[in-house]
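Below is one structure, written out as structure tokens; comments come after it.
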Amino acid sequence: AQKVTQAQTEISVVEKEDVTLDCVYETRDTTYYLFWYKQPPSGELVFLIRRNSFDEQNEISGRYSWNFQKSTSSFNFTITASQVVDSAVYFCALMDSNYQLIWGAGTKLIIKP
Amino acid sequence: ETGVTQTPRHLVMGMTNKKSLKCEQHLGHNAMYWYKQSAKKPLELMFVYNFKEQTENNSVPSRFSPECPNSSHLFLHLHTLQPEDSALYLCASSQETVGETQYFGPGTRLLVL
């Protein structure tokens with residue numbers, strides 16, 4: 001069965017700290033896609049990254065970085081030098097051969113000034 | 001307008017009312033989606049339209065009726081809703097359905113009294 005687990009329900013850090021959000025997935029497919037979305041209090045889901053299962057290269061985009069490890073079925077997200085504006089709920093999602101997105105429960109990230 | 005827009009942003013309705021949610025995408029995409037996000041629950045996919053044809057209906061009650069007149073517009077007609085239908089309703093679009101990134105609108109916060 002396909003499943004996405006975000007074990008961290010809520011994380012609270014002080015501004016400028018680094019923080020890693022964990023995502024573990026389960027799928028039997030060899031071809032699949034992984035996503036991260038950010039949902040600020042306004043409600044809109046903002047796309048952050050899409051990764052396909054054949055591309056294990058880590059990615060960095062400014063203060064954001066992603067670590068994809070197929071060996072552990074993980075796709076973790078790190079924010080470096082966090083800022084108050086990073087406060088949001090972050091969702092990890094899996095899209096497999098059924099093309100539907102399977103969502104994790106989300107991690108609420110609180111950045112304190 | 002850019003991206004995906006949704007109106008209204010907030011809606012309060014009684015159980016006997018009939019209302020409609022509107023979604024419009026300005027991305028030239030061919031697929032559109034309705035999701036329901038309730039508190040403490042993962043995002044639930046409701047309907048998928050691909051090239052104006054409904055390709056997915058995830059056992060949604062008939063009091064929710066989607067309409068997709070063209071690839072840019074998607075409606076969700078609501079009638080005789082229940083209080084448990086109160087949620088954030090999110091619309092999304094993607095170029096195609098398979099493997100493509102979904103881009104979300106800001107959502108409509110619905111309260112059923």
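Chain identifiers are assigned as A, B, and so on, following the order in which chains appear in the structure tokens; residues are numbered from 1 within each chain, and ligands are numbered from 1 in order of appearance.
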**OP:** Report as an MDAnalysis selection string: the residues of chain A with a DSSP assignment of strand (DSSP E or B), based on the backbone of this structure.
**Re:** chainID A and resid 3:5 10:14 19:21 24:26 33:39 46:52 59:61 64:69 74:79 88:95 101:103 107:112
Original post:
If you count only C-alpha atoms, which residues fall within 6 Å of Gln102 in chain B, apart from same-chain ones fewer than 2 positions away, as a list in words?
Top reply: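 Here the qualifying residues turn out to be Ala92, Ser93 and Ser94 of chain B.
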Original post:
Residues at most 6 Å from Gln6 in chain A, counting only C-alpha atoms, excluding those fewer than 5 positions away in the same chain, as a list in words?
Top reply: Asp22, Cys23 and Gly104 of chain A
Subject >> Proximal residues of chain B relative to chain A (only C-alpha atoms; 6 Å) as JSON, numbers by chain >> reply: {"B": [42, 98, 104, 105, 106]}
Serialized selection, all heavy atoms, as a PDB file, in the first residue's frame:
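Wrote it out as selection-v4.pdb, contents follow:
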```pdb
ATOM      1  N   PRO B  42      -5.972  14.167   6.593  1.00  0.00           N
ATOM      2  CA  PRO B  42      -5.184  14.421   5.371  1.00  0.00           C
ATOM      3  C   PRO B  42      -6.081  14.993   4.274  1.00  0.00           C
ATOM      4  O   PRO B  42      -7.308  14.833   4.323  1.00  0.00           O
ATOM      5  CB  PRO B  42      -4.687  13.032   4.970  1.00  0.00           C
ATOM      6  CG  PRO B  42      -4.891  12.163   6.149  1.00  0.00           C
ATOM      7  CD  PRO B  42      -6.026  12.732   6.915  1.00  0.00           C
ATOM      8  N   VAL B  98      -0.836  12.579 -15.060  1.00  0.00           N
ATOM      9  CA  VAL B  98       0.171  11.605 -14.657  1.00  0.00           C
ATOM     10  C   VAL B  98       1.516  12.269 -14.418  1.00  0.00           C
ATOM     11  O   VAL B  98       2.106  12.850 -15.316  1.00  0.00           O
ATOM     12  CB  VAL B  98       0.339  10.507 -15.740  1.00  0.00           C
ATOM     13  CG1 VAL B  98       1.396   9.506 -15.308  1.00  0.00           C
ATOM     14  CG2 VAL B  98      -0.988   9.818 -15.976  1.00  0.00           C
ATOM     15  N   PHE B 104      -2.124  24.792  -6.650  1.00  0.00           N
ATOM     16  CA  PHE B 104      -3.341  24.986  -5.890  1.00  0.00           C
ATOM     17  C   PHE B 104      -3.780  26.444  -5.829  1.00  0.00           C
ATOM     18  O   PHE B 104      -2.975  27.369  -5.867  1.00  0.00           O
ATOM     19  CB  PHE B 104      -3.139  24.490  -4.450  1.00  0.00           C
ATOM     20  CG  PHE B 104      -3.112  22.991  -4.347  1.00  0.00           C
ATOM     21  CD1 PHE B 104      -1.970  22.274  -4.672  1.00  0.00           C
ATOM     22  CD2 PHE B 104      -4.242  22.298  -3.933  1.00  0.00           C
ATOM     23  CE1 PHE B 104      -1.955  20.885  -4.576  1.00  0.00           C
ATOM     24  CE2 PHE B 104      -4.242  20.918  -3.822  1.00  0.00           C
ATOM     25  CZ  PHE B 104      -3.093  20.211  -4.153  1.00  0.00           C
ATOM     26  N   GLY B 105      -5.098  26.586  -5.707  1.00  0.00           N
ATOM     27  CA  GLY B 105      -5.672  27.892  -5.419  1.00  0.00           C
ATOM     28  C   GLY B 105      -5.664  28.160  -3.930  1.00  0.00           C
ATOM     29  O   GLY B 105      -5.251  27.305  -3.141  1.00  0.00           O
ATOM     30  N   PRO B 106      -6.159  29.328  -3.517  1.00  0.00           N
ATOM     31  CA  PRO B 106      -6.126  29.712  -2.104  1.00  0.00           C
ATOM     32  C   PRO B 106      -7.184  29.026  -1.264  1.00  0.00           C
ATOM     33  O   PRO B 106      -7.132  29.083  -0.037  1.00  0.00           O
ATOM     34  CB  PRO B 106      -6.370  31.211  -2.150  1.00  0.00           C
ATOM     35  CG  PRO B 106      -7.159  31.426  -3.395  1.00  0.00           C
ATOM     36  CD  PRO B 106      -6.651  30.403  -4.374  1.00  0.00           C
TER      37      PRO B 106
END
```
**OP:** Pick out the residues sitting within 9 Å of Asn58 in chain A, and hand them over as a VMD selection string; count only C-alpha atoms, and ignore anything fewer than 4 positions along from it in its own chain.
**Re:** chain A and resid 65 to 69
Just-selected residues, C-alpha atoms written as an mmCIF file, in the first residue's frame:
```cif
data_model
loop_
_atom_site.group_PDB
_atom_site.id
_atom_site.type_symbol
_atom_site.label_atom_id
_atom_site.label_comp_id
_atom_site.auth_asym_id
_atom_site.auth_seq_id
_atom_site.Cartn_x
_atom_site.Cartn_y
_atom_site.Cartn_z
ATOM 1 C CA SER A 65 17.428 21.692 0.636
ATOM 2 C CA TRP A 66 16.060 18.224 0.082
ATOM 3 C CA ASN A 67 17.663 14.866 0.784
ATOM 4 C CA PHE A 68 16.167 11.986 -1.198
ATOM 5 C CA GLN A 69 17.327 8.516 -0.132
#
```
Subject >> Interatomic distance, CA of Gly99 in chain B to CA of Pro66 in chain B (Å, one decimal) >> reply: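 Between these atoms lies a distance of 23.3 Å.
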Original post:
Could you name the residues that touch Thr16 in chain B at 7 Å or less, counting only C-alpha atoms, but leaving out those on the same chain fewer than 2 positions away, as number ranges by chain?
Top reply: B: 14, 18, 79-80
Original post:
If we count only C-alpha atoms, what is near Gln95 in chain B at a cut-off of 8 Å, once residues fewer than 4 positions away on the same chain are taken out, given as a list in words?
Top reply: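 My list of contacting residues is Gly28, His29, Asn30, Ala31, Glu100 and Thr101 of chain B.
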Kindly save the residues from that selection, with C-alpha atoms included, as a tab-separated table (two decimals), in the first residue's frame.
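Result file follows (part05.tsv):
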```
chain	number	residue	atom	x	y	z
B	28	GLY	CA	-3.08	26.54	-19.64
B	29	HIS	CA	-3.44	23.22	-17.84
B	30	ASN	CA	-5.66	20.33	-18.90
B	31	ALA	CA	-6.45	18.73	-15.56
B	100	GLU	CA	2.66	16.36	-13.12
B	101	THR	CA	2.84	18.96	-10.40
```
Original post:
If you run DSSP on this backbone, which residues of chain A come out as helix (DSSP H, G or I), and could you give them as a VMD selection string?
Top reply: chain A and resid 70 to 72 84 to 86
Subject >> Near-Leu74 in chain B list (10 Å; only C-alpha atoms; drop same-chain fewer than 3 positions) as a list in words >> reply: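 Near Leu74 in chain B, the qualifying residues are Gln6, Leu21, Lys22, Cys23, Glu24, Gln25, Ala31, Met32, Tyr33, Trp34, Tyr49, Lys52, Pro66, Glu67, Cys68, Pro69, Asn70, Ser71, His77, Cys91, Ala92 and Ser93 of chain B.
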Take the residues from that selection and put them in a file with N, CA and C atoms, as a PDB file, in the first residue's frame.
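Listed below is the output, selection_38.pdb:
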```pdb
ATOM      1  N   GLN B   6      -9.783  31.106  -6.742  1.00  0.00           N
ATOM      2  CA  GLN B   6     -11.004  30.492  -6.232  1.00  0.00           C
ATOM      3  C   GLN B   6     -11.895  31.567  -5.622  1.00  0.00           C
ATOM      4  N   LEU B  21     -19.048  26.845  -5.624  1.00  0.00           N
ATOM      5  CA  LEU B  21     -17.666  27.302  -5.537  1.00  0.00           C
ATOM      6  C   LEU B  21     -17.110  27.348  -6.953  1.00  0.00           C
ATOM      7  N   LYS B  22     -16.293  28.376  -7.189  1.00  0.00           N
ATOM      8  CA  LYS B  22     -15.732  28.523  -8.528  1.00  0.00           C
ATOM      9  C   LYS B  22     -14.216  28.476  -8.475  1.00  0.00           C
ATOM     10  N   CYS B  23     -13.639  27.847  -9.473  1.00  0.00           N
ATOM     11  CA  CYS B  23     -12.184  27.775  -9.604  1.00  0.00           C
ATOM     12  C   CYS B  23     -11.818  28.109 -11.039  1.00  0.00           C
ATOM     13  N   GLU B  24     -10.786  28.901 -11.203  1.00  0.00           N
ATOM     14  CA  GLU B  24     -10.304  29.236 -12.539  1.00  0.00           C
ATOM     15  C   GLU B  24      -8.783  29.144 -12.565  1.00  0.00           C
ATOM     16  N   GLN B  25      -8.264  28.489 -13.584  1.00  0.00           N
ATOM     17  CA  GLN B  25      -6.800  28.407 -13.693  1.00  0.00           C
ATOM     18  C   GLN B  25      -6.345  29.136 -14.954  1.00  0.00           C
ATOM     19  N   ALA B  31      -5.832  19.495 -16.648  1.00  0.00           N
ATOM     20  CA  ALA B  31      -6.451  18.731 -15.562  1.00  0.00           C
ATOM     21  C   ALA B  31      -6.770  19.649 -14.388  1.00  0.00           C
ATOM     22  N   MET B  32      -7.907  19.389 -13.766  1.00  0.00           N
ATOM     23  CA  MET B  32      -8.312  20.172 -12.601  1.00  0.00           C
ATOM     24  C   MET B  32      -8.861  19.246 -11.523  1.00  0.00           C
ATOM     25  N   TYR B  33      -8.728  19.674 -10.282  1.00  0.00           N
ATOM     26  CA  TYR B  33      -9.027  18.818  -9.135  1.00  0.00           C
ATOM     27  C   TYR B  33      -9.781  19.597  -8.056  1.00  0.00           C
ATOM     28  N   TRP B  34     -10.630  18.890  -7.334  1.00  0.00           N
ATOM     29  CA  TRP B  34     -11.205  19.402  -6.091  1.00  0.00           C
ATOM     30  C   TRP B  34     -10.699  18.533  -4.943  1.00  0.00           C
ATOM     31  N   TYR B  49     -10.790  16.123 -13.133  1.00  0.00           N
ATOM     32  CA  TYR B  49     -11.225  16.329 -14.509  1.00  0.00           C
ATOM     33  C   TYR B  49      -9.985  16.424 -15.380  1.00  0.00           C
ATOM     34  N   LYS B  52     -11.705  18.218 -19.511  1.00  0.00           N
ATOM     35  CA  LYS B  52     -13.134  18.433 -19.225  1.00  0.00           C
ATOM     36  C   LYS B  52     -13.908  17.170 -18.873  1.00  0.00           C
ATOM     37  N   PRO B  66     -19.826  18.354  -9.138  1.00  0.00           N
ATOM     38  CA  PRO B  66     -18.845  19.141  -9.886  1.00  0.00           C
ATOM     39  C   PRO B  66     -19.319  19.443 -11.298  1.00  0.00           C
ATOM     40  N   GLU B  67     -18.717  20.498 -11.846  1.00  0.00           N
ATOM     41  CA  GLU B  67     -18.997  20.849 -13.239  1.00  0.00           C
ATOM     42  C   GLU B  67     -17.734  21.438 -13.831  1.00  0.00           C
ATOM     43  N   CYS B  68     -17.383  20.992 -15.028  1.00  0.00           N
ATOM     44  CA  CYS B  68     -16.178  21.494 -15.691  1.00  0.00           C
ATOM     45  C   CYS B  68     -16.544  21.876 -17.119  1.00  0.00           C
ATOM     46  N   PRO B  69     -16.950  23.118 -17.337  1.00  0.00           N
ATOM     47  CA  PRO B  69     -17.399  23.521 -18.670  1.00  0.00           C
ATOM     48  C   PRO B  69     -16.266  23.622 -19.686  1.00  0.00           C
ATOM     49  N   ASN B  70     -15.052  23.887 -19.216  1.00  0.00           N
ATOM     50  CA  ASN B  70     -13.878  23.938 -20.089  1.00  0.00           C
ATOM     51  C   ASN B  70     -12.644  23.688 -19.236  1.00  0.00           C
ATOM     52  N   SER B  71     -11.504  23.587 -19.868  1.00  0.00           N
ATOM     53  CA  SER B  71     -10.286  23.221 -19.127  1.00  0.00           C
ATOM     54  C   SER B  71      -9.827  24.284 -18.147  1.00  0.00           C
ATOM     55  N   HIS B  77     -20.838  22.512  -7.057  1.00  0.00           N
ATOM     56  CA  HIS B  77     -22.180  22.903  -6.641  1.00  0.00           C
ATOM     57  C   HIS B  77     -22.524  22.171  -5.354  1.00  0.00           C
ATOM     58  N   CYS B  91      -8.911  23.878  -4.844  1.00  0.00           N
ATOM     59  CA  CYS B  91      -8.894  23.529  -6.264  1.00  0.00           C
ATOM     60  C   CYS B  91      -7.438  23.487  -6.717  1.00  0.00           C
ATOM     61  N   ALA B  92      -7.141  22.612  -7.633  1.00  0.00           N
ATOM     62  CA  ALA B  92      -5.785  22.515  -8.166  1.00  0.00           C
ATOM     63  C   ALA B  92      -5.852  22.237  -9.657  1.00  0.00           C
ATOM     64  N   SER B  93      -4.753  22.515 -10.341  1.00  0.00           N
ATOM     65  CA  SER B  93      -4.664  22.172 -11.757  1.00  0.00           C
ATOM     66  C   SER B  93      -3.267  21.644 -12.056  1.00  0.00           C
TER      67      SER B  93
END
```
